[in-house]
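First comes the structure, then the notes that go with it.
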Amino acid sequence: MKEIQGESPTEEKSEDNQTNVGFREKFEAKLRTADGHYVRSRAEMLIDNWLYMSEIVHAFERKLPVEEDVYCDFYLPVGKVYIEFWGLENDEKYKERKQEKIKIYQKYGFNLIELNDDDIKNLDDVLPKKLLKFGIQAY
């Protein structure tokens with residue numbers, strides 16, 4: 001119904017009648033990776049391209065198979081591994097959301113690899129070691 005009225009179905013009205021736009025609408029995925037995925041940041045593009053060039057099958061922004069409405073950055077079917085890139089460490093709301101997501105990963109016992117800005121600078125060194133912990137060999 002909201003779509004017919006010209007509204008996005010994910011928009012919600014807050015008490016002060018301002019529209020709260022979801023993360024996916026606020027930060028549109030405009031960067032195209034080597035395998036055709038569209039991502040939101042340069043770091044996500046580097047991770048996606050690294051996985052693709054390493055011939056590791058992956059999905060971008062897959063919904064977690066849980067009751068909560070949570071999406072991972074990347075999912076690797078081999079090893080059932082989720083990858084999260086934490087890019088906005090200076091934002092308080094982002095930090096709160098990060099902690100919520102980590103608790104969800106822990107609650108369900110999901111395999112999680114966490115990456116930050118420093119890791120992106122050294123993906124060739126960092127990611128193979130983190131993947132190996134879950135039995136995924138790169139190269």
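Residue numbering restarts at 1 in every chain; chains get A, B, ... in the order shown in the structure tokens, and ligands count up from 1 in that same order.
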
Find the nearest atom pair between each residue of stretch 98-133 of chain A and stretch 67-71 of chain A for residues within 10 Å, count only C-alpha atoms, give distances in Å to one decimal, sort rows by chain and ascending number, and present the table as a tab-separated table.
residue	atom	partner	partner_atom	distance
A:Glu100	CA	A:Val70	CA	9.8
A:Lys101	CA	A:Val70	CA	7.5
A:Ile104	CA	A:Glu68	CA	8.2
A:Tyr105	CA	A:Val70	CA	9.9

What would the file look like if the residues just selected were written as an mmCIF file, in the first residue's frame with N, CA and C atoms?
data_model
loop_
_atom_site.group_PDB
_atom_site.id
_atom_site.type_symbol
_atom_site.label_atom_id
_atom_site.label_comp_id
_atom_site.auth_asym_id
_atom_site.auth_seq_id
_atom_site.Cartn_x
_atom_site.Cartn_y
_atom_site.Cartn_z
ATOM 1 N N GLU A 100 24.953 -4.872 19.041
ATOM 2 C CA GLU A 100 23.726 -5.659 18.890
ATOM 3 C C GLU A 100 23.939 -6.802 17.913
ATOM 4 N N LYS A 101 24.582 -6.513 16.790
ATOM 5 C CA LYS A 101 24.819 -7.550 15.787
ATOM 6 C C LYS A 101 25.754 -8.634 16.307
ATOM 7 N N ILE A 104 23.904 -11.008 18.418
ATOM 8 C CA ILE A 104 23.078 -11.922 17.627
ATOM 9 C C ILE A 104 23.930 -13.046 17.052
ATOM 10 N N TYR A 105 25.108 -12.703 16.528
ATOM 11 C CA TYR A 105 26.009 -13.742 16.023
ATOM 12 C C TYR A 105 26.374 -14.731 17.133
#

Please return, as a tab-separated table (two decimals) with N, CA and C atoms, in the first residue's frame, all residues of chain A that DSSP assigns to strand (DSSP E or B) on the basis of the backbone.
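Contents of the output file result29.tsv:
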chain	number	residue	atom	x	y	z
A	12	GLU	N	9.47	4.48	7.95
A	12	GLU	CA	8.65	4.52	9.14
A	12	GLU	C	8.54	5.96	9.61
A	13	LYS	N	7.39	6.31	10.12
A	13	LYS	CA	7.19	7.66	10.65
A	13	LYS	C	7.49	7.65	12.14
A	19	THR	N	10.65	11.34	8.66
A	19	THR	CA	10.80	10.02	8.07
A	19	THR	C	12.16	9.45	8.43
A	20	ASN	N	12.17	8.23	8.99
A	20	ASN	CA	13.42	7.54	9.27
A	20	ASN	C	13.72	6.64	8.08
A	31	LEU	N	28.59	0.98	-6.02
A	31	LEU	CA	29.89	0.53	-6.53
A	31	LEU	C	29.78	-0.91	-7.03
A	32	ARG	N	30.17	-1.14	-8.27
A	32	ARG	CA	30.06	-2.48	-8.85
A	32	ARG	C	31.39	-3.21	-8.71
A	38	TYR	N	26.75	-5.14	-6.28
A	38	TYR	CA	26.79	-3.70	-6.01
A	38	TYR	C	26.95	-3.53	-4.51
A	39	VAL	N	27.95	-2.76	-4.11
A	39	VAL	CA	28.27	-2.56	-2.70
A	39	VAL	C	28.24	-1.08	-2.37
A	59	ALA	N	28.10	-14.36	-0.90
A	59	ALA	CA	26.92	-13.52	-1.13
A	59	ALA	C	27.13	-12.21	-0.41
A	60	PHE	N	26.59	-11.14	-0.96
A	60	PHE	CA	26.67	-9.82	-0.32
A	60	PHE	C	25.33	-9.49	0.29
A	63	LYS	N	20.42	-11.90	4.39
A	63	LYS	CA	19.68	-11.85	5.65
A	63	LYS	C	20.07	-13.07	6.48
A	71	TYR	N	21.12	-8.27	8.56
A	71	TYR	CA	21.83	-8.65	7.35
A	71	TYR	C	23.33	-8.65	7.63
A	74	PHE	N	28.87	-10.07	4.26
A	74	PHE	CA	29.17	-11.16	3.33
A	74	PHE	C	28.86	-12.50	4.00
A	75	TYR	N	28.45	-13.46	3.17
A	75	TYR	CA	28.23	-14.82	3.65
A	75	TYR	C	28.97	-15.78	2.74
A	76	LEU	N	29.71	-16.71	3.34
A	76	LEU	CA	30.45	-17.72	2.61
A	76	LEU	C	29.80	-19.07	2.90
A	81	VAL	N	30.32	-19.15	6.99
A	81	VAL	CA	31.01	-18.04	7.64
A	81	VAL	C	30.40	-16.71	7.22
A	82	TYR	N	30.22	-15.85	8.20
A	82	TYR	CA	29.73	-14.50	7.96
A	82	TYR	C	30.89	-13.54	8.13
A	83	ILE	N	30.94	-12.52	7.28
A	83	ILE	CA	31.98	-11.49	7.38
A	83	ILE	C	31.31	-10.15	7.60
A	84	GLU	N	31.76	-9.46	8.62
A	84	GLU	CA	31.29	-8.10	8.89
A	84	GLU	C	32.47	-7.14	8.79
A	85	PHE	N	32.27	-6.07	8.02
A	85	PHE	CA	33.24	-4.99	7.97
A	85	PHE	C	32.69	-3.85	8.81
A	111	ASN	N	29.56	-18.51	12.77
A	111	ASN	CA	30.98	-18.26	12.49
A	111	ASN	C	31.10	-16.84	11.95
A	112	LEU	N	31.87	-16.01	12.64
A	112	LEU	CA	31.98	-14.59	12.25
A	112	LEU	C	33.43	-14.17	12.10
A	113	ILE	N	33.70	-13.52	10.98
A	113	ILE	CA	34.98	-12.86	10.76
A	113	ILE	C	34.70	-11.37	10.79
A	114	GLU	N	35.43	-10.65	11.64
A	114	GLU	CA	35.27	-9.21	11.74
A	114	GLU	C	36.47	-8.52	11.11
A	115	LEU	N	36.18	-7.53	10.27
A	115	LEU	CA	37.23	-6.75	9.63
A	115	LEU	C	37.03	-5.27	9.94

Query - Per-residue DSSP, stretch 14-120 of chain A, filtered to helix (DSSP H, G or I), as a PyMOL selection string - result: chain A and resi 23-26+42-53+92-108+117-120
